[in-house]
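protein_25.cif (mmCIF, C-alpha atoms)
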data_protein
loop_
_atom_site.group_PDB
_atom_site.id
_atom_site.type_symbol
_atom_site.label_atom_id
_atom_site.label_comp_id
_atom_site.auth_asym_id
_atom_site.auth_seq_id
_atom_site.Cartn_x
_atom_site.Cartn_y
_atom_site.Cartn_z
ATOM 1 C CA MET S 691 24.243 -2.490 47.595
ATOM 2 C CA PRO S 692 22.482 -5.842 47.154
ATOM 3 C CA PRO S 693 21.464 -7.046 43.708
ATOM 4 C CA ALA S 694 18.107 -5.846 42.434
ATOM 5 C CA PRO S 695 15.180 -8.177 43.240
ATOM 6 C CA ASP S 696 14.475 -8.736 39.539
ATOM 7 C CA LEU S 697 18.075 -9.881 39.044
ATOM 8 C CA LEU S 698 17.684 -12.302 41.959
ATOM 9 C CA GLU S 699 14.514 -13.681 40.404
ATOM 10 C CA GLN S 700 16.299 -14.198 37.080
ATOM 11 C CA VAL S 701 19.115 -16.086 38.779
ATOM 12 C CA LEU S 702 16.772 -18.205 40.885
ATOM 13 C CA ASP S 703 14.626 -18.996 37.838
ATOM 14 C CA ARG S 704 17.685 -20.450 36.099
ATOM 15 C CA PRO S 705 19.361 -22.870 38.514
ATOM 16 C CA GLY S 706 23.055 -23.157 37.889
ATOM 17 C CA SER S 707 23.331 -19.877 35.993
ATOM 18 C CA ALA S 708 25.187 -18.230 38.873
ATOM 19 C CA ARG S 709 27.135 -21.298 39.862
ATOM 20 C CA HIS S 710 30.884 -21.373 39.645
ATOM 21 C CA THR S 711 31.220 -17.888 38.254
ATOM 22 C CA THR S 712 34.441 -16.031 38.872
ATOM 23 C CA GLY S 713 33.078 -12.593 38.092
ATOM 24 C CA GLY S 714 29.781 -10.936 38.878
ATOM 25 C CA TRP S 715 27.972 -10.838 42.175
ATOM 26 C CA ALA S 716 27.486 -14.589 42.685
ATOM 27 C CA GLY S 717 31.183 -15.321 43.085
ATOM 28 C CA SER S 718 31.725 -12.626 45.670
ATOM 29 C CA ALA S 719 28.353 -12.236 47.389
ATOM 30 C CA LEU S 720 29.549 -13.997 50.549
ATOM 31 C CA SER S 721 32.776 -13.357 52.380
ATOM 32 C CA GLU S 722 34.867 -16.315 53.508
ATOM 33 C CA ARG S 723 33.565 -15.791 57.054
ATOM 34 C CA GLU S 724 29.957 -15.755 55.850
ATOM 35 C CA ARG S 725 30.504 -18.803 53.668
ATOM 36 C CA SER S 726 32.103 -20.734 56.557
ATOM 37 C CA VAL S 727 29.288 -19.890 58.948
ATOM 38 C CA LEU S 728 26.544 -20.620 56.430
ATOM 39 C CA GLN S 729 28.138 -23.946 55.453
ATOM 40 C CA LEU S 730 28.055 -25.045 59.099
ATOM 41 C CA VAL S 731 24.445 -23.868 59.370
ATOM 42 C CA ALA S 732 23.691 -25.961 56.281
ATOM 43 C CA ASP S 733 25.377 -28.930 57.966
ATOM 44 C CA GLY S 734 22.902 -28.587 60.844
ATOM 45 C CA HIS S 735 25.119 -27.061 63.532
ATOM 46 C CA GLU S 736 23.738 -24.815 66.271
ATOM 47 C CA THR S 737 25.103 -21.321 66.874
ATOM 48 C CA ALA S 738 27.242 -22.399 69.852
ATOM 49 C CA GLU S 739 28.759 -25.278 67.875
ATOM 50 C CA ILE S 740 29.585 -22.996 64.949
ATOM 51 C CA ALA S 741 31.166 -20.466 67.291
ATOM 52 C CA GLN S 742 33.323 -23.128 68.916
ATOM 53 C CA ARG S 743 34.442 -24.655 65.604
ATOM 54 C CA LEU S 744 35.377 -21.305 64.062
ATOM 55 C CA ALA S 745 36.684 -19.697 67.270
ATOM 56 C CA TYR S 746 34.076 -16.929 67.091
ATOM 57 C CA SER S 747 31.747 -15.752 69.790
ATOM 58 C CA PRO S 748 28.137 -16.933 69.519
ATOM 59 C CA ARG S 749 27.189 -13.268 69.044
ATOM 60 C CA THR S 750 29.490 -13.047 65.992
ATOM 61 C CA VAL S 751 27.848 -16.108 64.451
ATOM 62 C CA THR S 752 24.404 -14.645 65.070
ATOM 63 C CA THR S 753 25.481 -11.327 63.557
ATOM 64 C CA VAL S 754 26.940 -13.008 60.451
ATOM 65 C CA VAL S 755 23.709 -14.936 59.838
ATOM 66 C CA HIS S 756 21.629 -11.823 60.493
ATOM 67 C CA ASP S 757 23.728 -9.796 58.042
ATOM 68 C CA ILE S 758 23.237 -12.425 55.330
ATOM 69 C CA THR S 759 19.481 -12.607 55.858
ATOM 70 C CA GLN S 760 19.159 -8.824 55.819
ATOM 71 C CA ARG S 761 21.360 -8.273 52.754
ATOM 72 C CA PHE S 762 19.422 -10.739 50.624
ATOM 73 C CA ARG S 763 16.048 -10.070 52.285
ATOM 74 C CA LEU S 764 15.683 -13.633 53.530
ATOM 75 C CA ARG S 765 13.409 -14.850 56.324
ATOM 76 C CA ASN S 766 15.614 -17.075 58.451
ATOM 77 C CA ARG S 767 18.616 -19.412 58.573
ATOM 78 C CA ALA S 768 16.926 -22.109 56.508
ATOM 79 C CA HIS S 769 15.961 -19.598 53.844
ATOM 80 C CA ALA S 770 19.559 -18.312 53.783
ATOM 81 C CA VAL S 771 20.918 -21.826 53.235
ATOM 82 C CA ALA S 772 18.367 -22.585 50.511
ATOM 83 C CA TYR S 773 19.113 -19.283 48.762
ATOM 84 C CA ALA S 774 22.887 -19.838 48.933
ATOM 85 C CA LEU S 775 22.573 -23.350 47.525
ATOM 86 C CA ARG S 776 20.313 -22.279 44.647
ATOM 87 C CA ALA S 777 22.541 -19.319 43.825
ATOM 88 C CA GLY S 778 25.665 -21.487 43.876
ATOM 89 C CA LEU S 779 27.198 -19.638 46.821
ATOM 90 C CA LEU S 780 27.771 -22.796 48.879
#
Represent the structure from my file as C-alpha cells, please.
Amino acid sequence: MPPAPDLLEQVLDRPGSARHTTGGWAGSALSERERSVLQLVADGHETAEIAQRLAYSPRTVTTVVHDITQRFRLRNRAHAVAYALRAGLL
C-alpha cells in the first residue's frame, strides 16, 4: 500500500528528510529495476534506448514507469523523476 498522501506532503515539504534513509518507506520505495529505469528516464533516454541498455522489452520499460506513476499518483514520466529526486529515491 502506498504511503498516505499527508505523509508524502510532509516529506516533500522537508527536502532531504527522506534522503539516504536505510529504514522506512523512502529507502525501499523503488525496486532496483524501477530505480534503474527511472534513472535512465532522468538522464533523458527514450523508452527504446532504456530497453536496449537494460535488456528489457520496451513494453517492460513502459510498464515499470506506469507502475511508478500509479503507485505514487504521479502524472507522467517527468513528474515521476521530479518526485523521486525530491524524495531522495534517485
Q) Which is closer to S:Val754 than all the others in S:Ala772, S:Ala741, S:Leu780, S:Ala732, using all atoms listed in the file? A) S:Ala741
Name the residues that the PyMOL selection byres ((chain S and resi 723) around 12) pulls out of this structure, and write them as a compact mmCIF listing (two decimals) with C-alpha atoms, keeping the file's coordinate frame.
# COMPACT_ATOMS: atom_id res chain seq x y z
CA SER S 718 31.72 -12.63 45.67
CA ALA S 719 28.35 -12.24 47.39
CA LEU S 720 29.55 -14.00 50.55
CA SER S 721 32.78 -13.36 52.38
CA GLU S 722 34.87 -16.32 53.51
CA GLU S 724 29.96 -15.76 55.85
CA ARG S 725 30.50 -18.80 53.67
CA SER S 726 32.10 -20.73 56.56
CA VAL S 727 29.29 -19.89 58.95
CA LEU S 728 26.54 -20.62 56.43
CA GLN S 729 28.14 -23.95 55.45
CA LEU S 730 28.06 -25.04 59.10
CA ILE S 740 29.58 -23.00 64.95
CA ALA S 741 31.17 -20.47 67.29
CA LEU S 744 35.38 -21.30 64.06
CA ALA S 745 36.68 -19.70 67.27
CA TYR S 746 34.08 -16.93 67.09
CA THR S 750 29.49 -13.05 65.99
CA VAL S 751 27.85 -16.11 64.45
CA THR S 753 25.48 -11.33 63.56
CA VAL S 754 26.94 -13.01 60.45
CA VAL S 755 23.71 -14.94 59.84
CA ASP S 757 23.73 -9.80 58.04
CA ILE S 758 23.24 -12.42 55.33
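Interatomic distance, atom CA of S:Leu764 to atom CA of S:Gly778: 16.0 Å.
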**Q.** Counting only C-alpha atoms, the option among S:Thr737, S:Ala774, S:Asn766, S:Arg761 closest to S:Arg749
**A.** S:Thr737
Q.
When you count all atoms listed in the file, which of these residues is closest to S:Arg743: S:Ala768, S:Val731, S:Thr759, S:Tyr773?
A.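 Checking each of S:Ala768, S:Val731, S:Thr759, S:Tyr773 against S:Arg743, counting all atoms listed in the file, the winner is S:Val731.
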Q.
As an exercise, work out the distance from atom CA of S:Leu775 to atom CA of S:Gln760 in Å and give it to one decimal place.
A. 17.1 Å
Box for stretch 731-745 of chain S: with edges along x, y and z, all listed atoms inside and 8 Å added on each side, what are the centre and edge lengths in Å to one decimal, as AutoDock Vina command-line options?
--center_x 29.8 --center_y -24.3 --center_z 63.1 --size_x 29.8 --size_y 25.2 --size_z 29.6
Repair of stretch 748-759 of chain S at the level of all heavy atoms, as a compact mmCIF listing (two decimals), in the coordinates of the input:
# COMPACT_ATOMS: atom_id res chain seq x y z
N PRO S 748 29.49 -16.65 70.03
CA PRO S 748 28.14 -16.93 69.52
C PRO S 748 27.47 -15.68 68.95
O PRO S 748 26.73 -15.75 67.96
CB PRO S 748 27.39 -17.44 70.76
CG PRO S 748 28.46 -18.03 71.61
CD PRO S 748 29.66 -17.14 71.39
N ARG S 749 27.76 -14.53 69.54
CA ARG S 749 27.19 -13.27 69.04
C ARG S 749 27.69 -12.97 67.62
O ARG S 749 26.92 -12.48 66.79
CB ARG S 749 27.56 -12.12 69.99
CG ARG S 749 27.08 -10.78 69.55
CD ARG S 749 25.58 -10.69 69.70
NE ARG S 749 25.15 -9.36 69.25
CZ ARG S 749 23.96 -9.10 68.81
NH1 ARG S 749 23.06 -10.04 68.77
NH2 ARG S 749 23.66 -7.89 68.42
N THR S 750 28.94 -13.26 67.34
CA THR S 750 29.49 -13.05 65.99
C THR S 750 28.77 -13.94 64.98
O THR S 750 28.42 -13.49 63.89
CB THR S 750 31.01 -13.32 65.96
OG1 THR S 750 31.64 -12.38 66.83
CG2 THR S 750 31.58 -13.20 64.56
N VAL S 751 28.55 -15.18 65.34
CA VAL S 751 27.85 -16.11 64.45
C VAL S 751 26.44 -15.59 64.18
O VAL S 751 26.00 -15.55 63.03
CB VAL S 751 27.81 -17.53 65.05
CG1 VAL S 751 26.93 -18.45 64.20
CG2 VAL S 751 29.22 -18.10 65.17
N THR S 752 25.76 -15.18 65.22
CA THR S 752 24.40 -14.64 65.07
C THR S 752 24.41 -13.41 64.17
O THR S 752 23.55 -13.26 63.30
CB THR S 752 23.81 -14.29 66.45
OG1 THR S 752 23.79 -15.48 67.25
CG2 THR S 752 22.41 -13.74 66.33
N THR S 753 25.38 -12.54 64.37
CA THR S 753 25.48 -11.33 63.56
C THR S 753 25.75 -11.66 62.09
O THR S 753 25.16 -11.05 61.19
CB THR S 753 26.58 -10.40 64.11
OG1 THR S 753 26.24 -10.04 65.44
CG2 THR S 753 26.76 -9.16 63.25
N VAL S 754 26.63 -12.61 61.83
CA VAL S 754 26.94 -13.01 60.45
C VAL S 754 25.68 -13.52 59.76
O VAL S 754 25.37 -13.12 58.64
CB VAL S 754 28.06 -14.07 60.42
CG1 VAL S 754 28.18 -14.70 59.05
CG2 VAL S 754 29.39 -13.46 60.84
N VAL S 755 24.94 -14.39 60.43
CA VAL S 755 23.71 -14.94 59.84
C VAL S 755 22.69 -13.82 59.63
O VAL S 755 22.05 -13.74 58.58
CB VAL S 755 23.13 -16.07 60.71
CG1 VAL S 755 21.77 -16.52 60.17
CG2 VAL S 755 24.09 -17.26 60.76
N HIS S 756 22.56 -12.95 60.61
CA HIS S 756 21.63 -11.82 60.49
C HIS S 756 21.99 -10.93 59.31
O HIS S 756 21.12 -10.51 58.54
CB HIS S 756 21.62 -11.01 61.79
CG HIS S 756 20.73 -9.82 61.73
ND1 HIS S 756 21.19 -8.57 61.41
CD2 HIS S 756 19.40 -9.70 61.93
CE1 HIS S 756 20.17 -7.73 61.42
NE2 HIS S 756 19.08 -8.38 61.74
N ASP S 757 23.28 -10.64 59.16
CA ASP S 757 23.73 -9.80 58.04
C ASP S 757 23.38 -10.42 56.68
O ASP S 757 22.95 -9.73 55.76
CB ASP S 757 25.23 -9.53 58.12
CG ASP S 757 25.61 -8.61 59.27
OD1 ASP S 757 24.71 -7.99 59.88
OD2 ASP S 757 26.82 -8.53 59.57
N ILE S 758 23.57 -11.72 56.58
CA ILE S 758 23.24 -12.42 55.33
C ILE S 758 21.74 -12.33 55.05
O ILE S 758 21.32 -12.01 53.94
CB ILE S 758 23.69 -13.90 55.39
CG1 ILE S 758 25.21 -14.01 55.43
CG2 ILE S 758 23.12 -14.69 54.19
CD1 ILE S 758 25.72 -15.39 55.79
N THR S 759 20.93 -12.62 56.07
CA THR S 759 19.48 -12.61 55.86
C THR S 759 18.98 -11.21 55.52
O THR S 759 18.09 -11.06 54.69
CB THR S 759 18.72 -13.17 57.07
OG1 THR S 759 19.03 -12.41 58.24
CG2 THR S 759 19.04 -14.64 57.30
